[in-house]
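Data block for my_file.cif (mmCIF, C-alpha atoms):
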data_protein
#
loop_
_atom_site.label_atom_id
_atom_site.label_comp_id
_atom_site.auth_asym_id
_atom_site.auth_seq_id
_atom_site.Cartn_x
_atom_site.Cartn_y
_atom_site.Cartn_z
CA MET J 1 -42.51 -6.15 69.48
CA ASP J 2 -42.50 -3.46 66.78
CA LYS J 3 -45.96 -2.35 67.84
CA LEU J 4 -44.93 -1.73 71.45
CA LYS J 5 -44.37 1.82 72.57
CA LEU J 6 -40.80 2.87 73.24
CA GLN J 7 -41.57 3.26 76.94
CA TRP J 8 -42.56 -0.40 77.30
CA LYS J 9 -39.65 -1.59 75.16
CA VAL J 10 -37.17 0.18 77.41
CA PHE J 11 -39.00 -1.16 80.46
CA ALA J 12 -38.90 -4.75 79.13
CA PHE J 13 -35.19 -4.53 78.26
CA LEU J 14 -34.27 -3.19 81.70
CA ILE J 15 -36.33 -5.83 83.52
CA GLY J 16 -34.86 -8.56 81.30
CA PHE J 17 -31.34 -7.36 82.03
CA CYS J 18 -32.06 -7.35 85.76
CA ALA J 19 -33.49 -10.90 85.55
CA LEU J 20 -30.40 -12.10 83.67
CA LEU J 21 -28.12 -10.66 86.36
CA LEU J 22 -30.15 -12.38 89.08
CA VAL J 23 -29.97 -15.74 87.28
CA ILE J 24 -26.20 -15.46 86.92
CA LEU J 25 -25.88 -14.46 90.58
CA TRP J 26 -27.99 -17.42 91.73
CA LEU J 27 -26.02 -19.89 89.61
CA PHE J 28 -22.65 -18.76 90.89
CA GLN J 29 -23.74 -18.45 94.51
CA THR J 30 -25.56 -21.78 94.78
CA VAL J 31 -25.09 -24.33 91.98
CA PHE J 32 -21.45 -23.57 91.24
CA LEU J 33 -20.44 -22.50 94.75
CA SER J 34 -18.98 -25.88 95.81
CA ASP J 35 -17.09 -26.38 92.56
CA MET J 36 -15.75 -22.84 92.68
CA TYR J 37 -14.62 -23.37 96.26
CA LYS J 38 -12.71 -26.58 95.36
CA PHE J 39 -11.18 -24.85 92.35
CA ILE J 40 -9.93 -22.00 94.53
CA ARG J 41 -8.48 -24.48 97.09
CA LYS J 42 -6.52 -26.17 94.30
CA ILE J 43 -5.13 -22.81 93.24
CA GLU J 44 -4.12 -22.12 96.86
CA ILE J 45 -2.27 -25.46 96.99
CA GLU J 46 -0.35 -24.53 93.82
CA LYS J 47 0.58 -21.20 95.37
CA ALA J 48 1.65 -22.95 98.58
CA ILE J 49 3.88 -25.35 96.59
CA THR J 50 5.51 -22.41 94.82
CA LEU J 51 6.07 -20.63 98.11
CA VAL J 52 7.64 -23.68 99.75
CA GLU J 53 9.83 -24.33 96.70
CA LYS J 54 11.25 -20.82 96.93
CA ASN J 55 11.98 -21.20 100.65
CA ILE J 56 12.90 -24.92 100.83
CA ASN J 57 16.44 -24.09 102.00
CA SER J 58 15.43 -21.08 104.05
CA SER J 59 15.66 -21.00 107.84
CA ASN J 60 12.22 -19.39 107.80
CA LEU J 61 10.58 -22.50 106.24
CA GLU J 62 9.07 -23.64 109.53
CA ASN J 63 7.28 -20.31 110.06
CA ILE J 64 5.98 -20.42 106.50
CA LEU J 65 4.53 -23.90 106.99
CA TYR J 66 2.95 -22.75 110.24
CA GLU J 67 1.34 -19.73 108.49
CA LEU J 68 -0.03 -21.98 105.75
CA GLU J 69 -1.63 -24.30 108.27
CA LEU J 70 -2.95 -21.48 110.42
CA ASN J 71 -4.27 -19.08 107.73
CA LYS J 72 -4.91 -21.31 104.70
CA GLU J 73 -5.68 -24.63 106.43
CA ILE J 74 -3.03 -26.30 104.28
CA ILE J 75 -1.03 -28.94 106.15
CA VAL J 76 2.42 -29.82 104.79
CA ARG J 77 4.20 -32.97 106.02
CA PRO J 78 6.74 -35.46 104.72
CA THR J 79 4.98 -37.96 102.52
CA LYS J 80 5.96 -41.17 104.36
CA ASP J 81 5.49 -39.98 107.90
CA PHE J 82 2.18 -38.20 107.75
CA ALA J 83 -1.44 -38.94 107.11
CA PRO J 84 -4.09 -36.19 107.25
CA PRO J 85 -6.29 -36.15 110.35
CA VAL J 86 -9.77 -37.54 110.05
CA ARG J 87 -12.46 -35.88 112.08
CA THR J 88 -15.40 -38.04 113.09
CA VAL J 89 -18.63 -37.23 114.81
CA PRO J 90 -19.64 -39.87 117.37
CA ASP J 91 -23.01 -41.59 116.94
CA ARG J 92 -23.53 -39.84 113.59
CA PRO J 93 -22.29 -42.36 111.04
CA GLU J 94 -24.34 -40.73 108.30
CA HIS J 95 -22.50 -37.45 108.78
CA ARG J 96 -20.27 -36.64 105.81
CA GLN J 97 -16.59 -36.32 106.64
CA PRO J 98 -14.68 -33.27 105.45
CA GLU J 99 -13.14 -33.69 102.04
CA THR J 100 -9.39 -33.29 101.59
CA ILE J 101 -7.46 -32.17 98.51
CA THR J 102 -3.99 -33.77 98.49
CA LYS J 103 -0.95 -33.25 96.30
CA ASP J 104 2.55 -34.70 96.59
CA GLN J 105 5.55 -32.66 95.48
CA GLU J 106 9.27 -33.38 95.19
CA PHE J 107 11.79 -30.74 96.35
CA VAL J 108 15.60 -30.64 96.01
CA LEU J 109 17.60 -29.47 99.03
CA LYS J 110 20.79 -27.44 98.76
CA ASP J 111 22.94 -30.48 99.60
CA GLY J 112 21.46 -32.29 96.60
CA ASN J 113 19.15 -34.59 98.55
CA LYS J 114 15.48 -34.87 97.64
CA ILE J 115 12.49 -34.60 99.92
CA PHE J 116 8.85 -35.50 99.24
CA LEU J 117 6.16 -33.36 100.88
CA THR J 118 2.43 -33.86 100.90
CA PHE J 119 0.09 -30.84 100.81
CA HIS J 120 -3.33 -31.37 102.36
CA ALA J 121 -6.04 -28.71 101.94
CA MET J 122 -9.15 -29.19 104.05
CA VAL J 123 -12.41 -28.61 102.12
CA THR J 124 -15.00 -27.44 104.59
CA PRO J 125 -18.60 -28.47 103.77
CA VAL J 126 -20.48 -25.56 102.17
CA ASP J 127 -24.05 -26.68 102.79
CA ALA J 128 -24.57 -24.27 105.65
CA THR J 129 -22.93 -21.51 103.68
CA VAL J 130 -25.19 -22.19 100.71
CA SER J 131 -28.26 -22.03 102.93
CA THR J 132 -27.14 -18.70 104.31
CA ILE J 133 -26.38 -17.33 100.87
CA GLN J 134 -29.75 -18.51 99.54
CA MET J 135 -31.55 -16.63 102.30
CA GLN J 136 -29.57 -13.53 101.46
CA LEU J 137 -30.31 -14.01 97.76
CA TYR J 138 -34.04 -14.14 98.42
CA ILE J 139 -33.84 -10.79 100.15
CA ILE J 140 -31.50 -9.31 97.52
CA THR J 141 -33.69 -10.61 94.69
CA GLY J 142 -36.80 -8.99 96.14
CA ILE J 143 -35.00 -5.67 96.64
CA MET J 144 -33.46 -5.76 93.15
CA ILE J 145 -36.79 -6.57 91.47
CA LEU J 146 -38.50 -3.70 93.28
CA LEU J 147 -35.72 -1.20 92.57
CA ALA J 148 -35.28 -2.40 88.98
CA THR J 149 -39.01 -2.01 88.30
CA LEU J 150 -39.07 1.52 89.69
CA LEU J 151 -35.87 2.43 87.85
CA ALA J 152 -37.15 0.93 84.59
CA ILE J 153 -40.38 2.92 84.82
CA ILE J 154 -38.52 6.17 85.54
CA ILE J 155 -35.90 5.68 82.80
CA SER J 156 -38.44 4.54 80.19
CA LYS J 157 -40.58 7.60 80.81
CA TYR J 158 -37.52 9.86 80.87
CA ILE J 159 -36.47 8.55 77.46
CA SER J 160 -39.84 8.17 75.77
CA ASN J 161 -41.63 11.34 76.90
CA PRO J 162 -39.51 13.83 74.89
CA ILE J 163 -39.63 11.54 71.84
CA GLU J 164 -43.41 11.27 72.11
CA GLN J 165 -43.62 15.05 72.39
CA ILE J 166 -41.46 15.46 69.28
CA ASN J 167 -43.66 12.92 67.48
CA ARG J 168 -46.79 14.91 68.33
CA SER J 169 -45.17 18.10 67.06
CA ALA J 170 -44.06 16.30 63.87
CA LYS J 171 -47.67 15.25 63.20
CA VAL J 172 -48.73 18.87 63.55
CA LEU J 173 -45.94 19.88 61.17
CA ALA J 174 -47.14 17.29 58.66
CA THR J 175 -50.51 19.05 58.49
CA GLY J 176 -48.78 22.17 57.14
CA ASN J 177 -48.44 24.15 60.37
CA TYR J 178 -44.85 25.32 60.02
CA GLU J 179 -45.04 27.42 63.20
CA THR J 180 -44.70 24.21 65.24
CA GLU J 181 -41.86 24.31 67.75
CA PHE J 182 -39.93 21.20 68.80
CA ARG J 183 -38.72 21.12 72.39
CA GLY J 184 -36.38 18.22 73.02
CA LYS J 185 -34.65 17.68 76.34
CA GLY J 186 -33.12 14.95 78.45
CA PHE J 187 -30.41 13.68 76.12
CA LEU J 188 -27.97 15.30 73.72
CA GLU J 189 -29.26 13.26 70.76
CA ILE J 190 -32.87 14.28 71.47
CA LYS J 191 -31.82 17.92 71.80
CA GLU J 192 -29.96 17.72 68.48
CA LEU J 193 -32.99 16.04 66.84
CA SER J 194 -35.22 18.80 68.16
CA ASP J 195 -32.89 21.51 66.81
CA THR J 196 -32.72 19.74 63.43
CA LEU J 197 -36.51 19.53 63.21
CA ASN J 198 -36.86 23.19 64.19
CA THR J 199 -34.44 24.07 61.39
CA ALA J 200 -36.37 21.83 58.98
CA ALA J 201 -39.65 23.51 59.96
CA LEU J 202 -38.10 26.93 59.38
CA GLU J 203 -36.78 25.91 55.96
CA LEU J 204 -40.12 24.34 55.03
CA SER J 205 -41.88 27.58 55.94
CA LYS J 206 -39.46 29.45 53.66
CA VAL J 207 -40.06 26.95 50.85
CA GLU J 208 -43.82 27.28 51.27
CA ARG J 209 -43.58 31.06 51.21
CA LEU J 210 -41.39 30.95 48.10
CA ARG J 211 -43.78 28.47 46.47
CA ARG J 212 -46.71 30.81 46.99
CA GLU J 213 -44.69 33.73 45.69
CA LEU J 214 -43.57 31.65 42.72
CA MET J 215 -47.13 30.72 41.81
CA ALA J 216 -48.27 34.33 42.16
CA ASN J 217 -45.34 35.68 40.14
CA ILE J 218 -45.64 33.12 37.35
CA SER J 219 -49.37 33.77 37.15
CA HIS J 220 -48.63 37.48 36.88
CA ASP J 221 -45.98 37.00 34.21
CA LEU J 222 -48.23 34.70 32.19
CA ARG J 223 -51.30 36.88 32.50
CA THR J 224 -49.67 40.07 31.24
CA PRO J 225 -48.39 38.82 27.84
CA LEU J 226 -51.56 36.80 27.33
CA SER J 227 -53.62 39.93 27.94
CA PHE J 228 -51.53 41.87 25.44
CA ILE J 229 -51.80 39.11 22.83
CA TYR J 230 -55.54 38.76 23.28
CA SER J 231 -56.18 42.51 23.22
CA TYR J 232 -54.19 43.12 20.06
CA ALA J 233 -55.58 40.01 18.38
CA GLU J 234 -59.11 41.19 19.21
CA MET J 235 -58.36 44.62 17.82
CA MET J 236 -56.91 43.07 14.65
CA HIS J 237 -60.07 40.97 14.33
CA ASP J 238 -62.44 43.89 14.80
CA PHE J 239 -60.48 46.40 12.74
CA PRO J 240 -58.56 44.35 10.17
CA TYR J 241 -57.93 47.39 7.93
CA GLU J 242 -56.26 49.38 10.73
CA VAL J 243 -53.62 46.77 11.62
CA THR J 244 -50.04 48.12 11.63
CA SER J 245 -46.64 46.47 11.93
CA GLU J 246 -46.37 47.85 15.49
CA HIS J 247 -49.45 45.88 16.49
CA SER J 248 -48.11 42.61 15.14
CA GLN J 249 -44.70 43.36 16.69
CA VAL J 250 -46.31 43.60 20.13
CA ILE J 251 -47.90 40.19 19.66
CA MET J 252 -44.58 38.73 18.49
CA ASP J 253 -42.68 40.27 21.43
CA GLU J 254 -45.17 38.99 23.98
CA ALA J 255 -45.15 35.53 22.37
CA ASN J 256 -41.35 35.52 22.57
CA ARG J 257 -41.56 36.49 26.22
CA LEU J 258 -43.97 33.63 26.89
CA THR J 259 -41.60 31.28 25.10
CA SER J 260 -38.66 32.49 27.21
CA LEU J 261 -40.61 32.06 30.41
CA VAL J 262 -41.74 28.54 29.51
CA ASN J 263 -38.22 27.57 28.42
CA ASP J 264 -36.73 28.83 31.68
CA MET J 265 -39.34 26.93 33.68
CA LEU J 266 -38.55 23.78 31.70
CA ASP J 267 -34.83 24.30 32.33
CA ILE J 268 -35.39 24.67 36.07
CA SER J 269 -37.53 21.53 36.13
CA SER J 270 -34.97 19.50 34.18
CA PHE J 271 -32.13 20.65 36.45
CA GLU J 272 -34.03 19.80 39.63
CA ALA J 273 -35.19 16.44 38.26
CA GLY J 274 -31.63 15.52 37.24
CA ILE J 275 -32.68 15.08 33.63
CA ALA J 276 -30.31 17.71 32.22
CA LYS J 277 -26.95 16.27 31.15
CA LEU J 278 -23.65 17.98 30.43
CA ASN J 279 -22.05 17.86 27.01
CA LYS J 280 -18.52 18.93 27.89
CA VAL J 281 -16.20 20.14 25.14
CA ASN J 282 -12.96 22.08 25.13
CA TYR J 283 -13.75 25.59 23.86
CA ASN J 284 -12.54 29.19 23.98
CA LEU J 285 -14.43 30.70 26.92
CA THR J 286 -13.17 34.22 26.24
CA GLU J 287 -14.38 34.20 22.65
CA SER J 288 -17.75 32.76 23.73
CA LEU J 289 -18.19 35.56 26.30
CA ARG J 290 -17.21 38.17 23.73
CA LYS J 291 -19.83 36.92 21.26
CA THR J 292 -22.54 36.92 23.93
CA ILE J 293 -21.66 40.47 25.00
CA ASN J 294 -21.71 41.70 21.38
CA ARG J 295 -25.13 40.15 20.78
CA MET J 296 -26.45 41.78 23.94
CA LYS J 297 -25.01 45.14 22.87
CA GLU J 298 -27.13 45.03 19.75
CA LEU J 299 -30.25 44.29 21.77
CA VAL J 300 -29.85 47.10 24.32
CA LYS J 301 -27.88 49.80 22.48
CA SER J 302 -31.08 51.70 21.64
CA ASP J 303 -31.78 52.01 25.39
CA GLY J 304 -28.39 53.59 26.10
CA TYR J 305 -26.69 50.68 27.90
CA LEU J 306 -22.89 50.40 27.85
CA LEU J 307 -21.31 46.94 28.07
CA LYS J 308 -17.57 46.51 28.73
CA PHE J 309 -15.43 43.37 28.60
CA GLU J 310 -12.07 43.30 30.43
CA HIS J 311 -9.63 40.40 30.02
CA ASN J 312 -5.91 39.76 29.57
CA GLU J 313 -5.79 36.54 27.57
CA ASP J 314 -7.95 33.89 26.03
CA VAL J 315 -8.96 31.05 28.35
CA TYR J 316 -9.97 27.56 27.28
CA LEU J 317 -12.48 25.60 29.32
CA LEU J 318 -13.67 21.99 29.40
CA ALA J 319 -17.39 22.45 30.00
CA ASP J 320 -20.84 22.47 28.41
CA GLU J 321 -20.57 25.60 26.23
CA VAL J 322 -24.32 25.97 25.75
CA LYS J 323 -25.11 25.85 29.49
CA ILE J 324 -22.19 28.08 30.56
CA THR J 325 -23.27 30.61 27.93
CA GLN J 326 -26.81 30.40 29.29
CA ALA J 327 -25.59 31.05 32.85
CA PHE J 328 -23.45 34.01 31.74
CA TYR J 329 -26.32 35.38 29.61
CA ASN J 330 -28.64 35.31 32.64
CA LEU J 331 -26.09 37.17 34.79
CA LEU J 332 -25.70 39.75 32.07
CA LEU J 333 -29.48 40.20 31.79
CA ASN J 334 -29.73 40.56 35.56
CA ALA J 335 -26.99 43.22 35.62
CA ILE J 336 -28.66 45.19 32.79
CA THR J 337 -32.04 45.03 34.53
CA TYR J 338 -30.62 46.43 37.79
CA SER J 339 -27.83 48.66 36.45
CA GLY J 340 -29.63 51.82 37.52
CA ASP J 341 -29.18 55.27 35.99
CA ASP J 342 -25.54 54.49 35.21
CA LYS J 343 -26.56 51.89 32.59
CA THR J 344 -23.02 50.52 32.58
CA VAL J 345 -22.22 46.83 32.96
CA THR J 346 -18.64 45.55 33.13
CA VAL J 347 -17.60 41.94 32.58
CA CYS J 348 -14.19 40.95 33.99
CA GLN J 349 -12.36 37.73 33.22
CA SER J 350 -9.45 36.86 35.53
CA ILE J 351 -7.31 33.82 36.25
CA LYS J 352 -6.44 32.68 39.77
CA GLY J 353 -4.23 29.61 39.76
CA SER J 354 -6.10 26.90 37.88
CA MET J 355 -9.43 28.71 38.17
CA VAL J 356 -10.99 31.21 35.78
CA ARG J 357 -13.28 33.79 37.39
CA ILE J 358 -16.02 35.70 35.57
CA GLU J 359 -17.43 38.83 37.24
CA VAL J 360 -20.45 40.81 36.06
CA ILE J 361 -20.46 44.27 37.66
CA ASP J 362 -23.27 46.82 37.77
CA HIS J 363 -23.64 50.15 39.58
CA GLY J 364 -27.27 49.92 40.57
CA GLU J 365 -29.02 50.06 43.92
CA GLY J 366 -27.28 46.97 45.33
CA ILE J 367 -28.65 44.31 47.67
CA SER J 368 -28.92 44.33 51.46
CA GLN J 369 -26.87 41.80 53.42
CA SER J 370 -30.02 40.18 54.80
CA ASP J 371 -31.26 39.40 51.28
CA LEU J 372 -28.00 38.08 49.83
CA PRO J 373 -28.45 34.41 50.95
CA TYR J 374 -31.83 34.16 49.18
CA ILE J 375 -31.36 35.90 45.84
CA TRP J 376 -30.50 32.60 44.12
CA GLU J 377 -33.99 31.29 44.85
CA ARG J 378 -36.60 31.32 42.12
CA TYR J 379 -38.42 34.66 41.82
CA TYR J 380 -36.94 36.00 45.06
CA LYS J 381 -37.47 39.76 45.17
CA VAL J 382 -35.60 41.97 47.60
CA ASP J 383 -38.41 44.51 47.70
CA LYS J 384 -41.08 41.75 48.04
CA ILE J 385 -43.11 43.49 45.31
CA HIS J 386 -43.20 41.55 42.08
CA GLU J 387 -42.65 43.69 39.03
CA ARG J 388 -42.47 42.47 35.48
CA PRO J 389 -38.79 42.43 34.45
CA LYS J 390 -37.94 44.59 31.48
CA ILE J 391 -35.63 41.83 30.23
CA GLY J 392 -35.62 38.18 31.28
CA THR J 393 -38.08 36.06 33.19
CA GLY J 394 -37.02 36.32 36.87
CA LEU J 395 -35.66 32.77 36.93
CA GLY J 396 -32.17 33.63 35.72
CA LEU J 397 -30.19 33.47 38.97
CA SER J 398 -31.75 30.13 39.90
CA ILE J 399 -30.69 28.73 36.53
CA VAL J 400 -27.15 30.09 37.04
CA LYS J 401 -26.95 28.32 40.38
CA LYS J 402 -28.04 24.98 38.91
CA ILE J 403 -25.62 25.17 35.96
CA ILE J 404 -22.56 26.11 38.02
CA ASP J 405 -23.37 23.39 40.56
CA MET J 406 -23.50 20.84 37.74
CA HIS J 407 -19.97 21.91 36.72
CA ASP J 408 -18.68 21.65 40.34
CA GLY J 409 -17.88 25.34 40.22
CA GLU J 410 -18.36 28.21 42.66
CA TYR J 411 -20.62 31.23 42.48
CA GLY J 412 -21.48 34.19 44.62
CA VAL J 413 -22.32 37.86 44.88
CA GLU J 414 -20.76 40.89 46.53
CA SER J 415 -23.07 43.83 46.98
CA GLU J 416 -23.48 47.03 48.89
CA GLU J 417 -26.64 49.10 48.96
CA GLY J 418 -26.33 52.20 46.83
CA LYS J 419 -23.11 51.06 45.14
CA GLY J 420 -24.12 48.13 42.96
CA SER J 421 -23.35 44.42 42.82
CA ILE J 422 -20.73 42.00 41.56
CA PHE J 423 -22.08 38.61 40.51
CA TRP J 424 -19.39 36.02 39.83
CA PHE J 425 -18.72 32.40 39.10
CA GLN J 426 -15.50 30.48 38.68
CA LEU J 427 -14.60 27.18 37.09
CA GLU J 428 -11.45 25.14 36.68
CA SER J 429 -9.74 26.05 33.41
CA LYS J 430 -8.06 23.53 31.14
#

Show me, as structure tokens, the structure contained in the file I just sent.
Amino acid sequence: MDKLKLQWKVFAFLIGFCALLLVILWLFQTVFLSDMYKFIRKIEIEKAITLVEKNINSSNLENILYELELNKEIIVRPTKDFAPPVRTVPDRPEHRQPETITKDQEFVLKDGNKIFLTFHAMVTPVDATVSTIQMQLYIITGIMILLATLLAIIISKYISNPIEQINRSAKVLATGNYETEFRGKGFLEIKELSDTLNTAALELSKVERLRRELMANISHDLRTPLSFIYSYAEMMHDFPYEVTSEHSQVIMDEANRLTSLVNDMLDISSFEAGIAKLNKVNYNLTESLRKTINRMKELVKSDGYLLKFEHNEDVYLLADEVKITQAFYNLLLNAITYSGDDKTVTVCQSIKGSMVRIEVIDHGEGISQSDLPYIWERYYKVDKIHERPKIGTGLGLSIVKKIIDMHDGEYGVESEEGKGSIFWFQLESK
């Protein structure tokens, strides 16, 4: 059954349902017809008894008894003085006489006297009726089978065709063709499935594009420091007596950059694989931010950058201090990299209810609204031209996203082209 196509499954179910209805119809109209008829006649006698009981002292009783005999074929007579008529057919002794359903009932008159009445319901033979019904059932069965078959074919195709079309498109999508379009119609669920698959195809195309960009960018970032290291090492090998401290410093700087890049890639991999765990402690968030800012000041002061820290009070936080510091450090690096000619970065700490909010503000070129939803992706570049960052590895914002998500916090960015950006995250304070 599992190997049957949906079209034939639907067809089989519809035909089976039609056959079941026909079997039930045949049973009730032939086999159980006589028993059902007798059962109904007994119910009619009970109703007649109730009706007579309500009107036993009524002057209209005679008319009621007449109506019962005329319309329901129920004859009511005193028990001792009446016997039901017996109809016979001359010269046909084998002919079955009509069956009679009889019930005696006691009634109390208004003067206190009792009267016994016998209710006789004539049961007419149903053989002729059954024959007639059987002939009708043959005709109805033929019509129902024909109509049910046609309807089953139409419905099965109507249901299966859009699903088969979606299946064909899904196979094309599986080959890597993300331009495939799903066109579902006929039912709301199929239309929703089609829309979902179209969205999935669009997202997969974005992921594939980002993957290619990621590979190209990482290759670029690895090639550059390796080229520097090899060139200076070769020079040091060929001219060992001309080596200066500047030459060795270049090699050390490029090696540090390679280490940072590899560490960030390992962090991203551990976050996505769910390997990274939180080591939450209660610590002074304000003091931790201040130390990070002071360390960064020492690193960039020779380049003319100005770092400011604005806060009203110390805030304590129950979180993984190392990872929160890493997230903040990456935001700070990002702001310094894109601070523009102003070279001023402001860090603001504020409290809103039970939440502490950290904002990192720069006055650089800003980000367009169309690029804002994607800047948290790895190596996403708003100008689509990969340049080697002066500081950092290009994976910082993606790491920030992973860390804040692990802490069930919120993050975001507010930016306007030409006026700079505000990157922020907020966590529940202790």

What is the distance between CA of Leu299 in chain J and CA of Ala319 in chain J, in Å to one decimal?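 These atoms are spaced 26.6 Å apart.
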
Starting from the PyMOL selection byres ((chain J and resi 302-305) around 8), expand the selection into actual residues of this file and give them as number ranges by chain. J: 297-301, 306-307, 336, 343-345

Please provide the set of residues having any atom within 10 Å of range 321-334 of chain J, restricted to all atoms listed in the file, with same-chain residues fewer than 6 positions apart removed, written as an mmCIF file with C-alpha atoms, in the frame of the given file.
data_model
loop_
_atom_site.group_PDB
_atom_site.id
_atom_site.type_symbol
_atom_site.label_atom_id
_atom_site.label_comp_id
_atom_site.auth_asym_id
_atom_site.auth_seq_id
_atom_site.Cartn_x
_atom_site.Cartn_y
_atom_site.Cartn_z
ATOM 1 C CA LYS J 277 -26.950 16.270 31.150
ATOM 2 C CA LEU J 278 -23.650 17.980 30.430
ATOM 3 C CA ASN J 279 -22.050 17.860 27.010
ATOM 4 C CA LYS J 280 -18.520 18.930 27.890
ATOM 5 C CA VAL J 281 -16.200 20.140 25.140
ATOM 6 C CA ASN J 282 -12.960 22.080 25.130
ATOM 7 C CA TYR J 283 -13.750 25.590 23.860
ATOM 8 C CA ASN J 284 -12.540 29.190 23.980
ATOM 9 C CA LEU J 285 -14.430 30.700 26.920
ATOM 10 C CA SER J 288 -17.750 32.760 23.730
ATOM 11 C CA LEU J 289 -18.190 35.560 26.300
ATOM 12 C CA LYS J 291 -19.830 36.920 21.260
ATOM 13 C CA THR J 292 -22.540 36.920 23.930
ATOM 14 C CA ILE J 293 -21.660 40.470 25.000
ATOM 15 C CA MET J 296 -26.450 41.780 23.940
ATOM 16 C CA LEU J 307 -21.310 46.940 28.070
ATOM 17 C CA VAL J 345 -22.220 46.830 32.960
ATOM 18 C CA THR J 346 -18.640 45.550 33.130
ATOM 19 C CA VAL J 347 -17.600 41.940 32.580
ATOM 20 C CA ILE J 358 -16.020 35.700 35.570
ATOM 21 C CA GLU J 359 -17.430 38.830 37.240
ATOM 22 C CA VAL J 360 -20.450 40.810 36.060
ATOM 23 C CA ILE J 361 -20.460 44.270 37.660
ATOM 24 C CA ASP J 362 -23.270 46.820 37.770
ATOM 25 C CA PRO J 389 -38.790 42.430 34.450
ATOM 26 C CA LYS J 390 -37.940 44.590 31.480
ATOM 27 C CA ILE J 391 -35.630 41.830 30.230
ATOM 28 C CA GLY J 392 -35.620 38.180 31.280
ATOM 29 C CA THR J 393 -38.080 36.060 33.190
ATOM 30 C CA GLY J 394 -37.020 36.320 36.870
ATOM 31 C CA LEU J 395 -35.660 32.770 36.930
ATOM 32 C CA GLY J 396 -32.170 33.630 35.720
ATOM 33 C CA LEU J 397 -30.190 33.470 38.970
ATOM 34 C CA SER J 398 -31.750 30.130 39.900
ATOM 35 C CA ILE J 399 -30.690 28.730 36.530
ATOM 36 C CA VAL J 400 -27.150 30.090 37.040
ATOM 37 C CA LYS J 401 -26.950 28.320 40.380
ATOM 38 C CA LYS J 402 -28.040 24.980 38.910
ATOM 39 C CA ILE J 403 -25.620 25.170 35.960
ATOM 40 C CA ILE J 404 -22.560 26.110 38.020
ATOM 41 C CA MET J 406 -23.500 20.840 37.740
ATOM 42 C CA HIS J 407 -19.970 21.910 36.720
ATOM 43 C CA ILE J 422 -20.730 42.000 41.560
ATOM 44 C CA PHE J 423 -22.080 38.610 40.510
ATOM 45 C CA TRP J 424 -19.390 36.020 39.830
ATOM 46 C CA PHE J 425 -18.720 32.400 39.100
#

One-decimal distance in Å that lies between CA of Asp195 in chain J and CA of Pro162 in chain J: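 Going from CA of Pro162 in chain J over to CA of Asp195 in chain J, I get 13.0 Å.
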
When you draw a straight line from CA of Leu222 in chain J to CA of Ile375 in chain J, how long is it in Å?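 So the two atoms, CA of Leu222 in chain J and CA of Ile375 in chain J, lie 21.7 Å apart.
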
Give me the residues near Trp26 in chain J as a PyMOL selection string, where near means some atom within 10 Å (using all atoms listed in the file) and where sequence neighbours in that chain fewer than 5 positions away do not count. chain J and resi 20-21+31-33+133-134+137-138+141

Neighbouring residues of Leu117 in chain J were defined as those with any atom within 12 Å, considering only C-alpha atoms; residues of the same chain fewer than 5 positions away were excluded. Please report them as a list in words.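 The filter keeps Ala48, Ile49, Val52, Glu53, Ile56, Leu65, Ile75, Val76, Arg77, Pro78, Thr79, Lys80, Asp81, Phe82, Ala83, Thr102, Lys103, Asp104, Gln105, Glu106, Phe107 and Val108 of chain J.
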
Reference answer for the PyMOL selection byres ((chain J and resi 149) around 12), as a PDB file with C-alpha atoms, in the frame of the given file:
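File produced: out-v4.pdb:
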ATOM      1  CA  TRP J   8     -42.560  -0.400  77.300  1.00  0.00           C
ATOM      2  CA  VAL J  10     -37.170   0.180  77.410  1.00  0.00           C
ATOM      3  CA  PHE J  11     -39.000  -1.160  80.460  1.00  0.00           C
ATOM      4  CA  ALA J  12     -38.900  -4.750  79.130  1.00  0.00           C
ATOM      5  CA  PHE J  13     -35.190  -4.530  78.260  1.00  0.00           C
ATOM      6  CA  LEU J  14     -34.270  -3.190  81.700  1.00  0.00           C
ATOM      7  CA  ILE J  15     -36.330  -5.830  83.520  1.00  0.00           C
ATOM      8  CA  GLY J  16     -34.860  -8.560  81.300  1.00  0.00           C
ATOM      9  CA  PHE J  17     -31.340  -7.360  82.030  1.00  0.00           C
ATOM     10  CA  CYS J  18     -32.060  -7.350  85.760  1.00  0.00           C
ATOM     11  CA  ALA J  19     -33.490 -10.900  85.550  1.00  0.00           C
ATOM     12  CA  THR J 141     -33.690 -10.610  94.690  1.00  0.00           C
ATOM     13  CA  GLY J 142     -36.800  -8.990  96.140  1.00  0.00           C
ATOM     14  CA  ILE J 143     -35.000  -5.670  96.640  1.00  0.00           C
ATOM     15  CA  MET J 144     -33.460  -5.760  93.150  1.00  0.00           C
ATOM     16  CA  ILE J 145     -36.790  -6.570  91.470  1.00  0.00           C
ATOM     17  CA  LEU J 146     -38.500  -3.700  93.280  1.00  0.00           C
ATOM     18  CA  LEU J 147     -35.720  -1.200  92.570  1.00  0.00           C
ATOM     19  CA  ALA J 148     -35.280  -2.400  88.980  1.00  0.00           C
ATOM     20  CA  LEU J 150     -39.070   1.520  89.690  1.00  0.00           C
ATOM     21  CA  LEU J 151     -35.870   2.430  87.850  1.00  0.00           C
ATOM     22  CA  ALA J 152     -37.150   0.930  84.590  1.00  0.00           C
ATOM     23  CA  ILE J 153     -40.380   2.920  84.820  1.00  0.00           C
ATOM     24  CA  ILE J 154     -38.520   6.170  85.540  1.00  0.00           C
ATOM     25  CA  ILE J 155     -35.900   5.680  82.800  1.00  0.00           C
ATOM     26  CA  SER J 156     -38.440   4.540  80.190  1.00  0.00           C
TER      27      SER J 156
END
